[in-house]
>>> print(open('protein_33.csv').read())   # CSV, C-alpha atoms
chain,number,residue,atom,x,y,z
V,1,VAL,CA,13.6,-4.2,32.8
V,2,GLY,CA,13.9,-7.9,32.4
V,3,VAL,CA,14.2,-10.3,29.5
V,4,TYR,CA,12.2,-13.5,29.7
V,5,TYR,CA,12.6,-16.6,27.6
V,6,SER,CA,9.9,-19.2,27.1
V,7,ALA,CA,11.4,-22.6,26.1
V,8,LEU,CA,7.9,-23.9,25.4
V,9,HIS,CA,7.2,-21.2,22.8
V,10,GLN,CA,10.8,-20.5,21.9
V,11,SER,CA,10.4,-16.8,22.2
V,12,ALA,CA,11.6,-14.0,24.4
V,13,HIS,CA,10.0,-10.8,25.6
V,14,TYR,CA,10.8,-7.8,27.8
V,15,ALA,CA,9.1,-7.2,31.1
V,16,ASN,CA,8.7,-3.9,33.0
V,17,LEU,CA,9.5,-1.9,29.9
V,18,ALA,CA,7.9,1.4,29.3
V,19,THR,CA,6.5,1.7,25.8
V,20,CYS,CA,5.6,4.7,23.8
V,21,GLY,CA,3.0,3.2,21.4
V,22,SER,CA,4.5,4.6,18.3
V,23,VAL,CA,4.3,2.4,15.2
V,24,TRP,CA,6.7,4.7,13.4
V,25,ALA,CA,9.4,5.6,15.9
V,26,CYS,CA,9.7,2.6,18.2
V,27,PRO,CA,10.9,-0.8,17.0
V,28,VAL,CA,9.5,-2.5,20.2
V,29,CYS,CA,6.0,-0.9,19.8
V,30,ALA,CA,5.9,-1.2,16.0
V,31,VAL,CA,6.2,-5.0,16.2
V,32,LYS,CA,3.3,-5.3,18.7
V,33,ILE,CA,1.1,-2.8,16.9
V,34,GLN,CA,1.8,-4.4,13.5
V,35,GLN,CA,0.9,-7.9,14.8
V,36,ARG,CA,-2.4,-6.6,16.2
V,37,ARG,CA,-3.2,-4.9,12.9
V,38,ARG,CA,-2.3,-8.1,11.0
V,39,LEU,CA,-5.0,-9.9,13.0
V,40,GLU,CA,-7.5,-7.2,12.1
V,41,LEU,CA,-6.6,-7.6,8.4
V,42,VAL,CA,-7.1,-11.4,8.7
V,43,GLU,CA,-10.6,-10.6,10.1
V,44,LEU,CA,-11.3,-8.1,7.4
V,45,ILE,CA,-10.3,-10.5,4.6
V,46,GLY,CA,-12.6,-13.2,6.0
V,47,TRP,CA,-15.4,-10.7,6.4
V,48,SER,CA,-15.0,-9.4,2.8
V,49,TYR,CA,-15.3,-12.9,1.3
V,50,ALA,CA,-18.4,-13.5,3.5
V,51,GLN,CA,-19.9,-10.3,2.0
V,52,GLU,CA,-19.2,-11.5,-1.5
V,53,LEU,CA,-16.4,-8.9,-1.9
V,54,GLU,CA,-12.9,-9.5,-2.9
V,55,PRO,CA,-9.8,-8.0,-1.3
V,56,GLN,CA,-7.3,-6.8,-3.9
V,57,MET,CA,-3.7,-5.8,-2.8
V,58,VAL,CA,-2.6,-2.7,-4.5
V,59,THR,CA,1.0,-1.5,-4.1
V,60,LEU,CA,1.9,2.0,-5.3
V,61,THR,CA,5.3,3.7,-5.6
V,62,PHE,CA,7.1,6.3,-7.7
V,63,PRO,CA,10.5,7.2,-9.0
V,64,HIS,CA,13.1,8.5,-6.4
V,65,THR,CA,16.8,9.0,-6.2
V,66,ARG,CA,19.3,9.0,-3.4
V,67,PHE,CA,19.3,12.8,-3.5
V,68,ASP,CA,15.6,13.2,-2.7
V,69,SER,CA,14.7,14.1,0.9
V,70,LEU,CA,12.3,11.8,2.7
V,71,ALA,CA,10.2,14.8,3.8
V,72,ASP,CA,9.8,16.0,0.2
V,73,LEU,CA,9.0,12.5,-1.0
V,74,LEU,CA,6.3,12.0,1.7
V,75,SER,CA,4.8,15.4,1.0
V,76,ARG,CA,4.5,14.8,-2.7
V,77,GLN,CA,3.2,11.3,-2.1
V,78,ARG,CA,0.4,12.7,0.1
V,79,GLN,CA,-0.4,15.2,-2.6
V,80,ALA,CA,-0.5,12.5,-5.2
V,81,PHE,CA,-2.9,10.4,-3.2
V,82,LYS,CA,-5.2,13.3,-2.8
V,83,ARG,CA,-5.1,13.8,-6.6
V,84,LEU,CA,-5.5,10.1,-7.2
V,85,ARG,CA,-8.7,9.8,-5.2
V,86,SER,CA,-10.3,13.1,-6.2
V,87,GLY,CA,-12.6,13.9,-9.1
V,88,LYS,CA,-15.6,12.4,-10.8
V,89,ALA,CA,-13.6,10.2,-13.1
V,90,PHE,CA,-12.1,8.3,-10.1
V,91,SER,CA,-15.4,8.2,-8.3
V,92,ASN,CA,-17.2,6.7,-11.3
V,93,TRP,CA,-14.3,4.2,-11.8
V,94,CYS,CA,-14.7,3.0,-8.2
V,95,LYS,CA,-18.4,2.6,-8.7
V,96,ARG,CA,-17.8,0.4,-11.8
V,97,TRP,CA,-15.8,-2.1,-9.7
V,98,GLY,CA,-18.1,-2.0,-6.6
V,99,TYR,CA,-15.3,-0.4,-4.6
V,100,SER,CA,-16.2,-0.5,-0.9
V,101,GLY,CA,-13.1,1.0,0.8
V,102,LEU,CA,-9.5,0.3,1.6
V,103,VAL,CA,-6.9,-0.2,4.3
V,104,ARG,CA,-3.5,1.4,3.7
V,105,SER,CA,-0.1,0.9,5.1
V,106,LEU,CA,2.9,3.1,4.4
V,107,GLU,CA,6.2,1.4,4.1
V,108,LEU,CA,9.6,3.1,4.1
V,109,THR,CA,12.7,1.4,3.0
V,110,HIS,CA,16.2,2.8,2.2
V,111,GLY,CA,18.6,1.5,-0.5
V,112,SER,CA,21.0,2.5,-3.2
V,113,ASN,CA,18.4,4.9,-4.6
V,114,GLY,CA,17.8,6.5,-1.3
V,115,TRP,CA,14.4,6.6,0.5
V,116,HIS,CA,11.7,4.4,-1.0
V,117,PRO,CA,8.2,5.2,0.3
V,118,HIS,CA,5.5,3.0,-1.0
V,119,THR,CA,2.0,1.9,0.1
V,120,HIS,CA,0.3,-1.4,0.4
V,121,GLU,CA,-3.4,-1.0,0.1
V,122,LEU,CA,-6.1,-3.6,0.5
V,123,TRP,CA,-9.0,-2.6,-1.7
V,124,LEU,CA,-12.4,-4.2,-1.3
V,125,THR,CA,-14.3,-4.6,-4.7
V,126,ARG,CA,-16.9,-6.9,-6.2
V,127,PRO,CA,-15.5,-10.1,-7.7
V,128,LEU,CA,-13.6,-9.3,-10.9
V,129,SER,CA,-13.3,-11.6,-14.0
V,130,PRO,CA,-9.8,-12.1,-15.4
V,131,ALA,CA,-10.6,-9.6,-18.2
V,132,GLU,CA,-11.8,-7.1,-15.6
V,133,GLN,CA,-8.7,-7.6,-13.5
V,134,ILE,CA,-6.6,-6.3,-16.5
V,135,GLN,CA,-8.9,-3.3,-16.9
V,136,PHE,CA,-8.8,-2.6,-13.1
V,137,SER,CA,-5.0,-2.7,-13.1
V,138,GLU,CA,-4.7,-0.5,-16.2
V,139,GLY,CA,-7.2,2.0,-14.6
V,140,ILE,CA,-5.2,2.3,-11.4
V,141,LEU,CA,-2.0,2.8,-13.4
V,142,GLY,CA,-3.6,5.5,-15.5
V,143,PHE,CA,-4.9,7.4,-12.4
V,144,TRP,CA,-1.5,7.0,-10.6
V,145,ILE,CA,0.5,8.3,-13.6
V,146,LYS,CA,-1.7,11.4,-13.7
V,147,ALA,CA,-1.5,11.9,-10.0
V,148,CYS,CA,2.3,11.5,-9.8
V,149,ALA,CA,2.9,13.7,-12.8
V,150,SER,CA,0.7,16.5,-11.4
V,151,VAL,CA,2.8,16.7,-8.2
V,152,GLY,CA,6.2,16.4,-9.9
V,153,LEU,CA,7.0,12.8,-9.0
V,154,LEU,CA,7.0,11.8,-12.7
V,155,ASP,CA,8.2,13.6,-15.8
V,156,LEU,CA,5.9,12.6,-18.7
V,157,SER,CA,8.4,13.9,-21.3
V,158,ASP,CA,11.1,11.4,-20.1
V,159,SER,CA,10.1,8.3,-22.1
V,160,LYS,CA,12.5,6.0,-20.1
V,161,SER,CA,11.2,7.2,-16.8
V,162,LEU,CA,7.6,6.7,-18.0
V,163,ARG,CA,8.3,3.2,-19.2
V,164,ASP,CA,10.0,2.3,-15.9
V,165,PHE,CA,7.0,3.9,-14.0
V,166,GLN,CA,4.5,1.8,-16.0
V,167,SER,CA,6.5,-1.4,-15.2
V,168,HIS,CA,7.2,-0.8,-11.5
V,169,SER,CA,4.9,1.8,-9.9
V,170,VAL,CA,1.7,-0.3,-9.6
V,171,ASP,CA,1.4,-3.9,-8.5
V,172,VAL,CA,-2.1,-5.4,-8.1
V,173,ARG,CA,-2.7,-8.9,-6.6
V,174,PHE,CA,-6.2,-10.2,-6.9
V,175,ARG,CA,-8.3,-12.2,-4.5
V,176,VAL,CA,-5.6,-12.1,-1.7
V,177,SER,CA,-5.8,-14.3,1.4
V,178,ASP,CA,-4.5,-13.6,4.8
V,179,SER,CA,-1.3,-15.5,3.9
V,180,ASP,CA,-0.4,-13.2,1.0
>>> encode(input="protein_33.csv", output="structure tokens")
Amino acid sequence: VGVYYSALHQSAHYANLATCGSVWACPVCAVKIQQRRRLELVELIGWSYAQELEPQMVTLTFPHTRFDSLADLLSRQRQAFKRLRSGKAFSNWCKRWGYSGLVRSLELTHGSNGWHPHTHELWLTRPLSPAEQIQFSEGILGFWIKACASVGLLDLSDSKSLRDFQSHSVDVRFRVSDSD
């Protein structure tokens, strides 16, 4: 294994290093894979605007504590996503916004409240007016509240927890570009 430095590009890289290709378990492979995926997202964003679609960045999370196990949080999160995207109400809601699909990335961080799984999703929709953007955000929040409550990630009887959830669990950025 060797380390090579390019003065021209002011960067270094490894040579003769065996890689595993795991975006989750290997810091060396993760960087390479994420960079390739980033380029694919840049292409998707350009394509979506050319198709008169808009990419909306939707970030979803839920309450957690330092006592929660990562395995349990991820399991409940998967269940919540299944609930979120199932049923006629969600299907009709997607049709209303001209939803064409999404690309999702799971991010795991760890801090004073323990593990913090959250997703960043790029949703492709028809162009939305400012008033529709508000309705779109409120709709996602409503579906996410129901989904998380149904799998035990949110206690609807705890008014403080519900207020915090409403303030922090859903973030929507509209008309994103490849630099967002």
>>> residues_around(input="protein_33.csv", residues="range 129-131 of chain V", least_positions_apart="4", cutoff="12 Å", atoms="only C-alpha atoms", output="list in words")
Glu54, Trp97, Thr125, Gln135, Phe136, Ser137, Glu138, Arg173, Phe174 and Arg175 of chain V
>>> closest_residue(input="protein_33.csv", among="V:Glu52, V:Glu132, V:Glu121, V:Glu40", to="Ser105 in chain V", atoms="all atoms listed in the file")
V:Glu121
>>> atom_distance(input="protein_33.csv", atom1="CA of His118 in chain V", atom2="CA of Leu60 in chain V")
5.7 Å
>>> residues_around(input="protein_33.csv", residues="Asp155 in chain V", least_positions_apart="3", cutoff="12 Å", atoms="only C-alpha atoms", output="list in words")
Phe62, Pro63, His64, Ile145, Lys146, Ala147, Cys148, Ala149, Ser150, Val151, Gly152, Asp158, Ser159, Lys160, Ser161, Leu162, Arg163, Asp164 and Phe165 of chain V
>>> closest_residue(input="protein_33.csv", among="V:Ala89, V:Leu44, V:Leu124, V:Cys26", to="Gln56 in chain V", atoms="all atoms listed in the file")
V:Leu124
>>> residues_around(input="protein_33.csv", residues="Arg126 in chain V", least_positions_apart="5", cutoff="10 Å", atoms="all atoms listed in the file", output="VMD selection string")
chain V and resid 48 to 49 51 to 56 95 to 100
>>> closest_residue(input="protein_33.csv", among="V:Tyr4, V:Trp47, V:Trp123, V:Trp144", to="Arg85 in chain V", atoms="all atoms listed in the file")
V:Trp144
>>> closest_residue(input="protein_33.csv", among="V:His9, V:Gln34, V:Arg76, V:Glu107", to="Gly21 in chain V", atoms="only C-alpha atoms")
V:Gln34
>>> atom_distance(input="protein_33.csv", atom1="CA of Lys82 in chain V", atom2="CA of Phe67 in chain V")
24.5 Å
>>> closest_residue(input="protein_33.csv", among="V:Cys29, V:Phe90, V:Ile140, V:Ala50", to="Leu17 in chain V", atoms="all atoms listed in the file")
V:Cys29
>>> closest_residue(input="protein_33.csv", among="V:Asn16, V:Thr61, V:Ser11, V:Gln133", to="Thr109 in chain V", atoms="only C-alpha atoms")
V:Thr61
>>> axis_aligned_box(input="protein_33.csv", around="range 6-24 of chain V", padding_each_side="8 Å", output="lines of an AutoDock Vina configuration file")
center_x = 7.3
center_y = -9.6
center_z = 23.2
size_x = 24.6
size_y = 44.6
size_z = 35.6
>>> residues_around(input="protein_33.csv", residues="Thr59 in chain V", least_positions_apart="6", cutoff="9 Å", atoms="only C-alpha atoms", output="PDB file with C-alpha atoms, keeping the file's coordinate frame")
ATOM      1  CA  HIS V 118       5.500   3.000  -1.000  1.00  0.00           C
ATOM      2  CA  THR V 119       2.000   1.900   0.100  1.00  0.00           C
ATOM      3  CA  HIS V 120       0.300  -1.400   0.400  1.00  0.00           C
ATOM      4  CA  GLU V 121      -3.400  -1.000   0.100  1.00  0.00           C
ATOM      5  CA  LEU V 122      -6.100  -3.600   0.500  1.00  0.00           C
ATOM      6  CA  SER V 169       4.900   1.800  -9.900  1.00  0.00           C
ATOM      7  CA  VAL V 170       1.700  -0.300  -9.600  1.00  0.00           C
ATOM      8  CA  ASP V 171       1.400  -3.900  -8.500  1.00  0.00           C
ATOM      9  CA  VAL V 172      -2.100  -5.400  -8.100  1.00  0.00           C
ATOM     10  CA  ARG V 173      -2.700  -8.900  -6.600  1.00  0.00           C
TER      11      ARG V 173
END
>>> atom_distance(input="protein_33.csv", atom1="CA of Gly139 in chain V", atom2="CA of Trp93 in chain V")
7.9 Å
>>> build_atoms(input="protein_33.csv", residues="range 110-121 of chain V", atoms="all heavy atoms", output="PDB file, keeping the file's coordinate frame")
ATOM      1  N   HIS V 110      15.053   1.950   2.620  1.00  0.00           N
ATOM      2  CA  HIS V 110      16.200   2.800   2.200  1.00  0.00           C
ATOM      3  C   HIS V 110      17.172   1.867   1.467  1.00  0.00           C
ATOM      4  O   HIS V 110      17.509   0.802   1.979  1.00  0.00           O
ATOM      5  CB  HIS V 110      16.833   3.493   3.338  1.00  0.00           C
ATOM      6  CG  HIS V 110      17.790   4.553   2.919  1.00  0.00           C
ATOM      7  ND1 HIS V 110      19.095   4.277   2.586  1.00  0.00           N
ATOM      8  CD2 HIS V 110      17.628   5.888   2.755  1.00  0.00           C
ATOM      9  CE1 HIS V 110      19.705   5.405   2.247  1.00  0.00           C
ATOM     10  NE2 HIS V 110      18.839   6.390   2.336  1.00  0.00           N
ATOM     11  N   GLY V 111      17.620   2.274   0.291  1.00  0.00           N
ATOM     12  CA  GLY V 111      18.600   1.500  -0.500  1.00  0.00           C
ATOM     13  C   GLY V 111      19.487   2.338  -1.292  1.00  0.00           C
ATOM     14  O   GLY V 111      19.662   3.537  -1.015  1.00  0.00           O
ATOM     15  N   SER V 112      20.050   1.771  -2.344  1.00  0.00           N
ATOM     16  CA  SER V 112      21.000   2.500  -3.200  1.00  0.00           C
ATOM     17  C   SER V 112      20.386   3.706  -3.867  1.00  0.00           C
ATOM     18  O   SER V 112      21.100   4.654  -4.205  1.00  0.00           O
ATOM     19  CB  SER V 112      21.625   1.555  -4.219  1.00  0.00           C
ATOM     20  OG  SER V 112      20.616   1.023  -5.050  1.00  0.00           O
ATOM     21  N   ASN V 113      19.077   3.714  -4.071  1.00  0.00           N
ATOM     22  CA  ASN V 113      18.400   4.900  -4.600  1.00  0.00           C
ATOM     23  C   ASN V 113      17.784   5.771  -3.569  1.00  0.00           C
ATOM     24  O   ASN V 113      16.886   6.558  -3.848  1.00  0.00           O
ATOM     25  CB  ASN V 113      17.273   4.426  -5.600  1.00  0.00           C
ATOM     26  CG  ASN V 113      17.801   3.979  -6.927  1.00  0.00           C
ATOM     27  OD1 ASN V 113      18.937   4.256  -7.273  1.00  0.00           O
ATOM     28  ND2 ASN V 113      16.989   3.265  -7.675  1.00  0.00           N
ATOM     29  N   GLY V 114      18.253   5.644  -2.347  1.00  0.00           N
ATOM     30  CA  GLY V 114      17.800   6.500  -1.300  1.00  0.00           C
ATOM     31  C   GLY V 114      16.477   5.978  -0.662  1.00  0.00           C
ATOM     32  O   GLY V 114      16.185   4.779  -0.703  1.00  0.00           O
ATOM     33  N   TRP V 115      15.695   6.907  -0.123  1.00  0.00           N
ATOM     34  CA  TRP V 115      14.400   6.600   0.500  1.00  0.00           C
ATOM     35  C   TRP V 115      13.450   6.040  -0.524  1.00  0.00           C
ATOM     36  O   TRP V 115      13.359   6.569  -1.629  1.00  0.00           O
ATOM     37  CB  TRP V 115      13.837   7.773   1.222  1.00  0.00           C
ATOM     38  CG  TRP V 115      14.595   8.142   2.449  1.00  0.00           C
ATOM     39  CD1 TRP V 115      15.449   9.199   2.602  1.00  0.00           C
ATOM     40  CD2 TRP V 115      14.587   7.454   3.692  1.00  0.00           C
ATOM     41  NE1 TRP V 115      15.969   9.189   3.858  1.00  0.00           N
ATOM     42  CE2 TRP V 115      15.458   8.136   4.559  1.00  0.00           C
ATOM     43  CE3 TRP V 115      13.933   6.317   4.156  1.00  0.00           C
ATOM     44  CZ2 TRP V 115      15.679   7.727   5.855  1.00  0.00           C
ATOM     45  CZ3 TRP V 115      14.154   5.903   5.455  1.00  0.00           C
ATOM     46  CH2 TRP V 115      15.018   6.608   6.296  1.00  0.00           C
ATOM     47  N   HIS V 116      12.701   5.028  -0.134  1.00  0.00           N
ATOM     48  CA  HIS V 116      11.700   4.400  -1.000  1.00  0.00           C
ATOM     49  C   HIS V 116      10.384   4.275  -0.313  1.00  0.00           C
ATOM     50  O   HIS V 116      10.066   3.243   0.260  1.00  0.00           O
ATOM     51  CB  HIS V 116      12.233   3.029  -1.481  1.00  0.00           C
ATOM     52  CG  HIS V 116      11.258   2.270  -2.322  1.00  0.00           C
ATOM     53  ND1 HIS V 116      10.824   2.714  -3.550  1.00  0.00           N
ATOM     54  CD2 HIS V 116      10.629   1.098  -2.103  1.00  0.00           C
ATOM     55  CE1 HIS V 116       9.975   1.839  -4.051  1.00  0.00           C
ATOM     56  NE2 HIS V 116       9.833   0.849  -3.193  1.00  0.00           N
ATOM     57  N   PRO V 117       9.573   5.350  -0.308  1.00  0.00           N
ATOM     58  CA  PRO V 117       8.200   5.200   0.300  1.00  0.00           C
ATOM     59  C   PRO V 117       7.294   4.545  -0.703  1.00  0.00           C
ATOM     60  O   PRO V 117       7.321   4.814  -1.899  1.00  0.00           O
ATOM     61  CB  PRO V 117       7.810   6.689   0.500  1.00  0.00           C
ATOM     62  CG  PRO V 117       8.813   7.543  -0.160  1.00  0.00           C
ATOM     63  CD  PRO V 117       9.894   6.689  -0.726  1.00  0.00           C
ATOM     64  N   HIS V 118       6.495   3.658  -0.191  1.00  0.00           N
ATOM     65  CA  HIS V 118       5.500   3.000  -1.000  1.00  0.00           C
ATOM     66  C   HIS V 118       4.342   2.571  -0.085  1.00  0.00           C
ATOM     67  O   HIS V 118       4.516   2.489   1.121  1.00  0.00           O
ATOM     68  CB  HIS V 118       6.022   1.853  -1.822  1.00  0.00           C
ATOM     69  CG  HIS V 118       6.725   0.811  -1.013  1.00  0.00           C
ATOM     70  ND1 HIS V 118       7.997   0.993  -0.494  1.00  0.00           N
ATOM     71  CD2 HIS V 118       6.350  -0.416  -0.630  1.00  0.00           C
ATOM     72  CE1 HIS V 118       8.361  -0.092   0.169  1.00  0.00           C
ATOM     73  NE2 HIS V 118       7.375  -0.963   0.102  1.00  0.00           N
ATOM     74  N   THR V 119       3.199   2.346  -0.673  1.00  0.00           N
ATOM     75  CA  THR V 119       2.000   1.900   0.100  1.00  0.00           C
ATOM     76  C   THR V 119       1.558   0.567  -0.322  1.00  0.00           C
ATOM     77  O   THR V 119       1.658   0.205  -1.494  1.00  0.00           O
ATOM     78  CB  THR V 119       0.877   2.924   0.036  1.00  0.00           C
ATOM     79  OG1 THR V 119       0.439   2.984  -1.311  1.00  0.00           O
ATOM     80  CG2 THR V 119       1.253   4.289   0.543  1.00  0.00           C
ATOM     81  N   HIS V 120       1.036  -0.151   0.643  1.00  0.00           N
ATOM     82  CA  HIS V 120       0.300  -1.400   0.400  1.00  0.00           C
ATOM     83  C   HIS V 120      -1.114  -1.117   0.797  1.00  0.00           C
ATOM     84  O   HIS V 120      -1.360  -0.695   1.928  1.00  0.00           O
ATOM     85  CB  HIS V 120       0.900  -2.543   1.218  1.00  0.00           C
ATOM     86  CG  HIS V 120       2.346  -2.791   0.958  1.00  0.00           C
ATOM     87  ND1 HIS V 120       2.809  -3.448  -0.158  1.00  0.00           N
ATOM     88  CD2 HIS V 120       3.444  -2.446   1.674  1.00  0.00           C
ATOM     89  CE1 HIS V 120       4.116  -3.512  -0.114  1.00  0.00           C
ATOM     90  NE2 HIS V 120       4.535  -2.911   0.981  1.00  0.00           N
ATOM     91  N   GLU V 121      -2.028  -1.309  -0.126  1.00  0.00           N
ATOM     92  CA  GLU V 121      -3.400  -1.000   0.100  1.00  0.00           C
ATOM     93  C   GLU V 121      -4.274  -2.255  -0.146  1.00  0.00           C
ATOM     94  O   GLU V 121      -4.092  -2.905  -1.179  1.00  0.00           O
ATOM     95  CB  GLU V 121      -3.913   0.150  -0.730  1.00  0.00           C
ATOM     96  CG  GLU V 121      -3.118   1.413  -0.494  1.00  0.00           C
ATOM     97  CD  GLU V 121      -3.633   2.603  -1.276  1.00  0.00           C
ATOM     98  OE1 GLU V 121      -4.375   2.417  -2.279  1.00  0.00           O
ATOM     99  OE2 GLU V 121      -3.311   3.725  -0.896  1.00  0.00           O
TER     100      GLU V 121
END
